[in-house]
Every structure is written in structure tokens, then in C-alpha cells.
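Student: Next up, start.cif (mmCIF, N, CA and C atoms).
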data_run
#
loop_
_atom_site.label_atom_id
_atom_site.label_comp_id
_atom_site.auth_asym_id
_atom_site.auth_seq_id
_atom_site.Cartn_x
_atom_site.Cartn_y
_atom_site.Cartn_z
N MET A 621 0.85 -1.19 0.00
CA MET A 621 0.00 0.00 0.00
C MET A 621 0.89 1.24 0.00
N TYR A 622 0.41 2.26 -0.68
CA TYR A 622 1.15 3.53 -0.78
C TYR A 622 0.53 4.59 0.10
N LEU A 623 1.40 5.37 0.72
CA LEU A 623 0.99 6.51 1.53
C LEU A 623 1.34 7.77 0.74
N LEU A 624 0.32 8.53 0.38
CA LEU A 624 0.53 9.73 -0.44
C LEU A 624 0.93 10.91 0.42
N ASP A 625 2.03 11.55 0.04
CA ASP A 625 2.47 12.77 0.70
C ASP A 625 1.59 13.92 0.20
N THR A 626 1.59 15.00 0.94
CA THR A 626 0.75 16.15 0.63
C THR A 626 0.96 16.66 -0.79
N ASP A 627 2.20 16.75 -1.23
CA ASP A 627 2.49 17.31 -2.56
C ASP A 627 1.86 16.50 -3.69
N VAL A 628 1.75 15.20 -3.50
CA VAL A 628 1.13 14.33 -4.50
C VAL A 628 -0.37 14.64 -4.60
N ILE A 629 -1.00 14.80 -3.47
CA ILE A 629 -2.43 15.11 -3.44
C ILE A 629 -2.68 16.50 -4.04
N VAL A 630 -1.80 17.45 -3.76
CA VAL A 630 -1.92 18.79 -4.33
C VAL A 630 -1.85 18.72 -5.85
N ASP A 631 -0.90 17.94 -6.38
CA ASP A 631 -0.81 17.78 -7.85
C ASP A 631 -2.11 17.24 -8.41
N PHE A 632 -2.69 16.25 -7.74
CA PHE A 632 -3.96 15.67 -8.19
C PHE A 632 -5.08 16.70 -8.15
N LEU A 633 -5.18 17.43 -7.04
CA LEU A 633 -6.24 18.43 -6.90
C LEU A 633 -6.12 19.56 -7.92
N ARG A 634 -4.88 19.90 -8.25
CA ARG A 634 -4.64 20.97 -9.24
C ARG A 634 -4.67 20.44 -10.67
N GLU A 635 -4.97 19.16 -10.80
CA GLU A 635 -5.07 18.50 -12.11
C GLU A 635 -3.79 18.64 -12.92
N LYS A 636 -2.66 18.50 -12.25
CA LYS A 636 -1.37 18.53 -12.92
C LYS A 636 -1.34 17.41 -13.95
N PRO A 637 -0.90 17.70 -15.17
CA PRO A 637 -0.89 16.67 -16.22
C PRO A 637 -0.20 15.39 -15.77
N GLY A 638 -0.89 14.29 -15.97
CA GLY A 638 -0.35 12.98 -15.64
C GLY A 638 -0.66 12.50 -14.23
N SER A 639 -1.07 13.41 -13.37
CA SER A 639 -1.28 13.03 -11.97
C SER A 639 -2.44 12.05 -11.80
N LYS A 640 -3.51 12.24 -12.53
CA LYS A 640 -4.66 11.35 -12.41
C LYS A 640 -4.29 9.93 -12.82
N ALA A 641 -3.56 9.78 -13.91
CA ALA A 641 -3.13 8.46 -14.37
C ALA A 641 -2.19 7.80 -13.36
N LYS A 642 -1.30 8.60 -12.77
CA LYS A 642 -0.38 8.05 -11.76
C LYS A 642 -1.14 7.56 -10.53
N ILE A 643 -2.11 8.35 -10.09
CA ILE A 643 -2.91 7.96 -8.92
C ILE A 643 -3.68 6.68 -9.23
N GLN A 644 -4.27 6.60 -10.42
CA GLN A 644 -5.03 5.40 -10.79
C GLN A 644 -4.14 4.16 -10.79
N LYS A 645 -2.91 4.31 -11.23
CA LYS A 645 -1.96 3.19 -11.23
C LYS A 645 -1.63 2.77 -9.79
N LEU A 646 -1.41 3.75 -8.92
CA LEU A 646 -1.10 3.46 -7.52
C LEU A 646 -2.28 2.80 -6.80
N MET A 647 -3.50 3.17 -7.20
CA MET A 647 -4.70 2.64 -6.55
C MET A 647 -4.80 1.13 -6.67
N LYS A 648 -4.16 0.56 -7.68
CA LYS A 648 -4.19 -0.90 -7.85
C LYS A 648 -3.55 -1.62 -6.67
N LYS A 649 -2.60 -0.95 -6.00
CA LYS A 649 -1.96 -1.54 -4.82
C LYS A 649 -2.48 -0.93 -3.53
N GLY A 650 -3.37 0.04 -3.65
CA GLY A 650 -3.97 0.68 -2.49
C GLY A 650 -3.26 1.98 -2.14
N ILE A 651 -4.06 3.01 -1.83
CA ILE A 651 -3.50 4.30 -1.43
C ILE A 651 -4.16 4.79 -0.15
N MET A 652 -3.41 5.59 0.56
CA MET A 652 -3.90 6.21 1.78
C MET A 652 -3.09 7.47 1.99
N THR A 653 -3.44 8.23 3.00
CA THR A 653 -2.65 9.39 3.39
C THR A 653 -2.71 9.52 4.90
N THR A 654 -2.17 10.60 5.41
CA THR A 654 -2.16 10.81 6.86
C THR A 654 -3.08 11.96 7.24
N SER A 655 -3.41 12.02 8.50
CA SER A 655 -4.21 13.14 8.99
C SER A 655 -3.42 14.45 8.86
N PHE A 656 -2.09 14.36 8.81
CA PHE A 656 -1.26 15.56 8.65
C PHE A 656 -1.36 16.12 7.23
N SER A 657 -1.37 15.24 6.24
CA SER A 657 -1.56 15.70 4.87
C SER A 657 -2.97 16.27 4.70
N PHE A 658 -3.94 15.63 5.33
CA PHE A 658 -5.31 16.13 5.29
C PHE A 658 -5.36 17.55 5.86
N TYR A 659 -4.70 17.75 6.99
CA TYR A 659 -4.63 19.09 7.60
C TYR A 659 -4.00 20.10 6.64
N GLU A 660 -2.85 19.73 6.03
CA GLU A 660 -2.16 20.68 5.15
C GLU A 660 -3.04 21.05 3.95
N ILE A 661 -3.74 20.07 3.40
CA ILE A 661 -4.64 20.33 2.26
C ILE A 661 -5.81 21.21 2.70
N LEU A 662 -6.40 20.90 3.84
CA LEU A 662 -7.50 21.72 4.36
C LEU A 662 -7.05 23.17 4.60
N LEU A 663 -5.89 23.34 5.18
CA LEU A 663 -5.38 24.68 5.44
C LEU A 663 -5.23 25.46 4.14
N GLY A 664 -4.67 24.81 3.13
CA GLY A 664 -4.52 25.48 1.84
C GLY A 664 -5.87 25.87 1.25
N ALA A 665 -6.85 24.98 1.38
CA ALA A 665 -8.18 25.27 0.84
C ALA A 665 -8.83 26.44 1.58
N VAL A 666 -8.74 26.45 2.90
CA VAL A 666 -9.34 27.50 3.71
C VAL A 666 -8.70 28.86 3.43
N LEU A 667 -7.40 28.86 3.20
CA LEU A 667 -6.68 30.11 2.96
C LEU A 667 -6.81 30.62 1.52
N SER A 668 -7.34 29.79 0.64
CA SER A 668 -7.42 30.17 -0.77
C SER A 668 -8.50 31.22 -1.03
N ASN A 669 -8.45 31.80 -2.21
CA ASN A 669 -9.45 32.79 -2.60
C ASN A 669 -10.80 32.16 -2.90
N ARG A 670 -10.81 30.86 -3.15
CA ARG A 670 -12.05 30.13 -3.44
C ARG A 670 -12.27 29.06 -2.38
N ALA A 671 -12.27 29.47 -1.13
CA ALA A 671 -12.30 28.54 0.00
C ALA A 671 -13.48 27.57 -0.06
N LYS A 672 -14.67 28.08 -0.29
CA LYS A 672 -15.85 27.21 -0.27
C LYS A 672 -15.76 26.15 -1.35
N LYS A 673 -15.45 26.55 -2.56
CA LYS A 673 -15.33 25.60 -3.67
C LYS A 673 -14.21 24.60 -3.42
N ASN A 674 -13.07 25.09 -2.97
CA ASN A 674 -11.94 24.21 -2.71
C ASN A 674 -12.23 23.23 -1.58
N MET A 675 -12.94 23.66 -0.57
CA MET A 675 -13.31 22.76 0.53
C MET A 675 -14.23 21.65 0.03
N GLU A 676 -15.12 21.97 -0.89
CA GLU A 676 -16.00 20.95 -1.47
C GLU A 676 -15.20 19.91 -2.24
N VAL A 677 -14.23 20.38 -3.01
CA VAL A 677 -13.36 19.46 -3.78
C VAL A 677 -12.55 18.58 -2.83
N VAL A 678 -11.99 19.18 -1.81
CA VAL A 678 -11.19 18.42 -0.83
C VAL A 678 -12.06 17.37 -0.14
N ALA A 679 -13.25 17.76 0.27
CA ALA A 679 -14.17 16.82 0.93
C ALA A 679 -14.49 15.65 0.02
N SER A 680 -14.70 15.93 -1.25
CA SER A 680 -15.01 14.88 -2.21
C SER A 680 -13.85 13.90 -2.37
N VAL A 681 -12.65 14.42 -2.54
CA VAL A 681 -11.47 13.57 -2.74
C VAL A 681 -11.17 12.75 -1.49
N PHE A 682 -11.21 13.40 -0.33
CA PHE A 682 -10.84 12.71 0.90
C PHE A 682 -11.92 11.76 1.40
N SER A 683 -13.14 11.87 0.89
CA SER A 683 -14.20 10.95 1.32
C SER A 683 -13.92 9.53 0.85
N SER A 684 -13.12 9.39 -0.19
CA SER A 684 -12.81 8.05 -0.71
C SER A 684 -11.36 7.63 -0.44
N LEU A 685 -10.69 8.36 0.43
CA LEU A 685 -9.29 8.09 0.72
C LEU A 685 -9.13 7.73 2.19
N ASP A 686 -8.46 6.63 2.46
CA ASP A 686 -8.19 6.22 3.83
C ASP A 686 -7.22 7.20 4.45
N ILE A 687 -7.56 7.72 5.62
CA ILE A 687 -6.71 8.69 6.32
C ILE A 687 -6.20 8.03 7.60
N GLN A 688 -4.89 7.82 7.66
CA GLN A 688 -4.26 7.18 8.81
C GLN A 688 -4.02 8.21 9.91
N SER A 689 -4.53 7.94 11.09
CA SER A 689 -4.32 8.82 12.23
C SER A 689 -2.96 8.54 12.86
N PHE A 690 -2.54 9.40 13.74
CA PHE A 690 -1.26 9.32 14.43
C PHE A 690 -1.44 8.52 15.72
N SER A 691 -0.70 7.45 15.84
CA SER A 691 -0.84 6.56 17.00
C SER A 691 0.30 6.78 18.00
N PRO A 692 0.16 6.23 19.19
CA PRO A 692 1.27 6.31 20.15
C PRO A 692 2.56 5.69 19.60
N MET A 693 2.46 4.60 18.85
CA MET A 693 3.65 3.99 18.25
C MET A 693 4.27 4.93 17.21
N ASP A 694 3.42 5.63 16.46
CA ASP A 694 3.93 6.63 15.51
C ASP A 694 4.70 7.72 16.25
N ALA A 695 4.23 8.10 17.43
CA ALA A 695 4.90 9.13 18.21
C ALA A 695 6.30 8.68 18.64
N VAL A 696 6.41 7.41 19.02
CA VAL A 696 7.72 6.86 19.38
C VAL A 696 8.66 6.93 18.18
N THR A 697 8.17 6.47 17.03
CA THR A 697 8.97 6.49 15.81
C THR A 697 9.35 7.91 15.43
N ALA A 698 8.40 8.84 15.52
CA ALA A 698 8.66 10.24 15.17
C ALA A 698 9.74 10.84 16.07
N SER A 699 9.71 10.52 17.34
CA SER A 699 10.72 11.07 18.25
C SER A 699 12.11 10.57 17.88
N GLN A 700 12.21 9.32 17.45
CA GLN A 700 13.50 8.76 17.04
C GLN A 700 13.98 9.42 15.75
N ILE A 701 13.08 9.61 14.80
CA ILE A 701 13.43 10.26 13.53
C ILE A 701 13.89 11.69 13.79
N ALA A 702 13.10 12.44 14.57
CA ALA A 702 13.42 13.84 14.83
C ALA A 702 14.76 13.97 15.56
N ALA A 703 14.98 13.14 16.57
CA ALA A 703 16.23 13.22 17.33
C ALA A 703 17.44 12.98 16.43
N LYS A 704 17.37 11.95 15.61
CA LYS A 704 18.48 11.63 14.71
C LYS A 704 18.76 12.79 13.75
N HIS A 705 17.71 13.29 13.12
CA HIS A 705 17.89 14.32 12.09
C HIS A 705 18.21 15.69 12.67
N LYS A 706 17.72 16.00 13.87
CA LYS A 706 18.09 17.26 14.51
C LYS A 706 19.57 17.25 14.87
N LYS A 707 20.05 16.10 15.36
CA LYS A 707 21.47 15.98 15.69
C LYS A 707 22.35 16.13 14.45
N GLN A 708 21.83 15.65 13.31
CA GLN A 708 22.59 15.73 12.05
C GLN A 708 22.42 17.07 11.35
N GLY A 709 21.49 17.88 11.85
CA GLY A 709 21.25 19.20 11.26
C GLY A 709 20.46 19.17 9.97
N ASN A 710 19.69 18.09 9.74
CA ASN A 710 18.91 18.00 8.50
C ASN A 710 17.45 17.61 8.77
N TRP A 711 16.90 18.19 9.82
CA TRP A 711 15.51 17.90 10.19
C TRP A 711 14.56 18.60 9.23
N PRO A 712 13.63 17.86 8.61
CA PRO A 712 12.72 18.48 7.63
C PRO A 712 11.54 19.22 8.24
N GLY A 713 11.36 19.13 9.53
CA GLY A 713 10.23 19.78 10.18
C GLY A 713 9.28 18.76 10.77
N ILE A 714 8.39 19.24 11.60
CA ILE A 714 7.52 18.36 12.37
C ILE A 714 6.51 17.59 11.51
N VAL A 715 5.89 18.25 10.55
CA VAL A 715 4.86 17.57 9.76
C VAL A 715 5.46 16.43 8.94
N ASP A 716 6.56 16.68 8.26
CA ASP A 716 7.18 15.61 7.48
C ASP A 716 7.72 14.50 8.38
N THR A 717 8.17 14.86 9.56
CA THR A 717 8.60 13.84 10.52
C THR A 717 7.42 12.95 10.91
N PHE A 718 6.28 13.56 11.18
CA PHE A 718 5.08 12.78 11.53
C PHE A 718 4.63 11.90 10.37
N ILE A 719 4.65 12.44 9.16
CA ILE A 719 4.25 11.66 7.98
C ILE A 719 5.19 10.47 7.79
N ALA A 720 6.48 10.70 7.92
CA ALA A 720 7.47 9.62 7.79
C ALA A 720 7.24 8.56 8.87
N ALA A 721 6.97 8.99 10.08
CA ALA A 721 6.74 8.05 11.18
C ALA A 721 5.53 7.16 10.91
N VAL A 722 4.46 7.72 10.40
CA VAL A 722 3.27 6.93 10.08
C VAL A 722 3.62 5.89 9.02
N ALA A 723 4.39 6.29 8.01
CA ALA A 723 4.78 5.36 6.95
C ALA A 723 5.66 4.24 7.50
N VAL A 724 6.64 4.58 8.30
CA VAL A 724 7.56 3.58 8.85
C VAL A 724 6.82 2.61 9.78
N THR A 725 6.08 3.15 10.72
CA THR A 725 5.38 2.32 11.71
C THR A 725 4.39 1.37 11.06
N ASN A 726 3.74 1.82 10.00
CA ASN A 726 2.70 1.02 9.35
C ASN A 726 3.20 0.29 8.11
N ASP A 727 4.50 0.33 7.88
CA ASP A 727 5.16 -0.37 6.76
C ASP A 727 4.53 0.00 5.41
N LYS A 728 4.41 1.30 5.18
CA LYS A 728 3.86 1.82 3.92
C LYS A 728 4.97 2.48 3.12
N THR A 729 4.82 2.50 1.83
CA THR A 729 5.75 3.19 0.94
C THR A 729 5.21 4.59 0.70
N ILE A 730 6.02 5.59 1.00
CA ILE A 730 5.57 6.97 0.83
C ILE A 730 5.82 7.41 -0.62
N VAL A 731 4.81 8.00 -1.21
CA VAL A 731 4.92 8.54 -2.57
C VAL A 731 5.03 10.05 -2.41
N THR A 732 6.15 10.61 -2.91
CA THR A 732 6.41 12.03 -2.70
C THR A 732 7.23 12.62 -3.82
N ASN A 733 7.09 13.91 -3.99
CA ASN A 733 7.92 14.67 -4.90
C ASN A 733 8.99 15.44 -4.12
N ASN A 734 8.97 15.26 -2.80
CA ASN A 734 9.91 15.93 -1.90
C ASN A 734 10.80 14.89 -1.22
N GLU A 735 11.48 14.11 -2.02
CA GLU A 735 12.32 13.04 -1.47
C GLU A 735 13.33 13.56 -0.46
N LYS A 736 13.84 14.76 -0.69
CA LYS A 736 14.88 15.30 0.21
C LYS A 736 14.38 15.45 1.64
N HIS A 737 13.07 15.57 1.82
CA HIS A 737 12.51 15.69 3.16
C HIS A 737 12.55 14.35 3.91
N PHE A 738 12.71 13.26 3.18
CA PHE A 738 12.59 11.94 3.78
C PHE A 738 13.86 11.08 3.68
N VAL A 739 14.86 11.57 2.98
CA VAL A 739 16.10 10.81 2.80
C VAL A 739 16.75 10.58 4.17
N GLY A 740 17.20 9.36 4.37
CA GLY A 740 17.90 9.02 5.60
C GLY A 740 17.02 8.59 6.74
N VAL A 741 15.72 8.50 6.51
CA VAL A 741 14.82 8.00 7.55
C VAL A 741 14.90 6.48 7.54
N ASP A 742 15.41 5.92 8.63
CA ASP A 742 15.58 4.47 8.72
C ASP A 742 14.27 3.74 8.55
N GLY A 743 14.26 2.74 7.67
CA GLY A 743 13.09 1.91 7.47
C GLY A 743 12.04 2.49 6.53
N LEU A 744 12.27 3.68 6.01
CA LEU A 744 11.27 4.31 5.15
C LEU A 744 11.49 3.94 3.70
N LYS A 745 10.41 3.47 3.07
CA LYS A 745 10.44 3.16 1.64
C LYS A 745 9.84 4.35 0.90
N ILE A 746 10.56 4.82 -0.12
CA ILE A 746 10.13 6.01 -0.87
C ILE A 746 9.93 5.66 -2.33
N LYS A 747 8.80 6.09 -2.88
CA LYS A 747 8.54 5.98 -4.31
C LYS A 747 8.47 7.41 -4.85
N PRO A 748 9.42 7.79 -5.69
CA PRO A 748 9.39 9.15 -6.24
C PRO A 748 8.14 9.39 -7.08
N TRP A 749 7.58 10.56 -6.97
CA TRP A 749 6.41 10.96 -7.74
C TRP A 749 6.86 11.41 -9.10
#
As C-alpha cells, please, write out the structure in this file.
Tutor:
Amino acid sequence: MYLLDTDVIVDFLREKPGSKAKIQKLMKKGIMTTSFSFYEILLGAVLSNRAKKNMEVVASVFSSLDIQSFSPMDAVTASQIAAKHKKQGNWPGIVDTFIAAVAVTNDKTIVTNNEKHFVGVDGLKIKPW
């Protein structure tokens, strides 16, 4: 199963050429996302000039997408990821740390266009978008 990073969902919502076909291909093995990506997408929709319309689109897309919540085990994994990367000086930030932790803990392959945010996370499988 694939875990979609926020940037992948944004490409789909913005109808970036090729994104729909890529998503359909990934759906054959199953797709999901995290509550953190859901939050980031909602925030973008609310802040946009067409908030009401964008919220309707987001609601439609996310109604058929499994959203993985953050568990206590994810928190343990996230703390280990953050500690390692903060010590190395290459911490990507809290949201990407949480997304990576959900993927690692649940043995999912993350699909992203921001590979640099996830490089070096132990146990994380990455599929470039």
C-alpha cells in the first residue's frame, strides 16, 4: 500500500498533467494518506481565494481516501526520527517527521515529490512521484 504525501495530493487536486493516471496506477496496490496531509490540504483550501469551492473538492477527494491517524507507536517512531535528524542538522520539520513516522510504523511506501525531506529516515520506503 502507498501513503501519499501532501504534494502528491496537491498535484492531483490541481489537475497537474499525468497526476490522475499516476494515482489510478497506484490505486491498484492501495493508497492512503495521513491526517497531517489532510490538515495541510484543508489549510490550503481554507486560505485560498475560493475557500468554499476548494473545501468541497477536498471533501469529495478525501471521502474516498483512507486517512491514517497518528498513534502512540507513531509518536515513538517520530521522536526517534526527529532526534536523529536534529542531531545531524537536517531535520525536515515536524509535519514531514510525523508523515514519515506513520509510513515507517505502518510499513507503507511513501509517494512524494519531496524526497529530500525523507532521505535518511531508517526503514522508510520512498517511491518518487
Student: What does the structure give for the distance between CA of Lys640 (chain A) and CA of Asp686 (chain A), in Å to one decimal?
Tutor: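 CA of Asp686 (chain A) lies at a distance of 17.4 Å from CA of Lys640 (chain A).
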Student: If the PyMOL selection byres ((chain A and resi 743-745) around 6) is run on the structure shown, which residues does it catch, given as a list in words?
Tutor: Val724, Lys728, Thr729, Ile730, Val741, Asp742, Ile746 and Lys747 of chain A
Student: What is the atom C of Leu624 (chain A) to CA of Ser657 (chain A) distance in Å?
Tutor: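 Separating atom C of Leu624 (chain A) from CA of Ser657 (chain A) is a distance of 7.0 Å.
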Student: Just so the selection is clear, what residues does the PyMOL selection byres ((chain A and resi 688) around 7) cover here, as a PyMOL selection string?
Tutor: chain A and resi 652-656+685-687+689-691
Student: Can you tell me, as a ChimeraX atom specification, which residues in region 631-717 of chain A count as strand (DSSP E) by DSSP?
Tutor: /A:651-654,686-688
Student: Would you kindly return, as a list of chain:residue names, each protein, DNA or RNA residue with an atom no farther than 6.5 Å from any atom of Asn733 (chain A), considering all atoms listed in the file and excluding same-chain residues fewer than 2 positions away?
Tutor: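 Returned residues: A:Asp627, A:Val628, A:Val731, A:Glu735, A:Lys736, A:Pro748, A:Trp749.
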Student: Calculate how many Å separate CA of Val696 (chain A) from CA of Ala721 (chain A), rounding to one decimal.
Tutor: 8.3 Å
Student: With distances taken over only C-alpha atoms, which residue among A:Lys672, A:Glu635, A:Met621, A:Leu662 lies nearest Gly650 (chain A)?
Tutor: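 Going through A:Lys672, A:Glu635, A:Met621, A:Leu662 one by one, the smallest distance to Gly650 (chain A) is for A:Met621.
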Student: Please write as a PyMOL selection string the full residue list that the PyMOL selection byres (((chain A and resi 630 and name CA) around 10) and name CA) yields on this file.
Tutor: chain A and resi 625-629+631-636+639+657+660-661+664+678
Student: Among chain A, which residues does DSSP mark as alpha helix (DSSP H) when it is run on the backbone? Keep the chain and numbering as in the structure and answer as a PyMOL selection string.
Tutor: chain A and resi 626-633+639-647+655-667+671-682+692-708+714-725
Student: In terms of the shortest atom-to-atom distance over only C-alpha atoms, which of A:Thr717, A:Asn726, A:Ser680, A:Asn734 is closest to Ser699 (chain A)?
Tutor: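 So, comparing all the options, the nearest one is A:Thr717.
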Student: Mind working out the centre and edge lengths of an axis-aligned box for region 719-733 of chain A, all listed atoms inside, 6 Å added to each side, rounded to one decimal in Å and written as AutoDock Vina command-line options?
Tutor:
--center_x 5.8 --center_y 7.5 --center_z 3.4 --size_x 18.3 --size_y 27.8 --size_z 28.6
Student: Under the rule that only C-alpha atoms are counted, which of A:His737, A:Trp711, A:Ala679, A:Val722 is the nearest residue to Ala698 (chain A)?
Tutor: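 Closest residue, counting only C-alpha atoms: A:Val722.
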Student: Counting only C-alpha atoms, which residue out of A:Val681, A:Ala723, A:Ala671, A:Ile701 sits closest to Phe658 (chain A)?
Tutor: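 Once distances to Phe658 (chain A) are computed over only C-alpha atoms, the minimum belongs to A:Val681.
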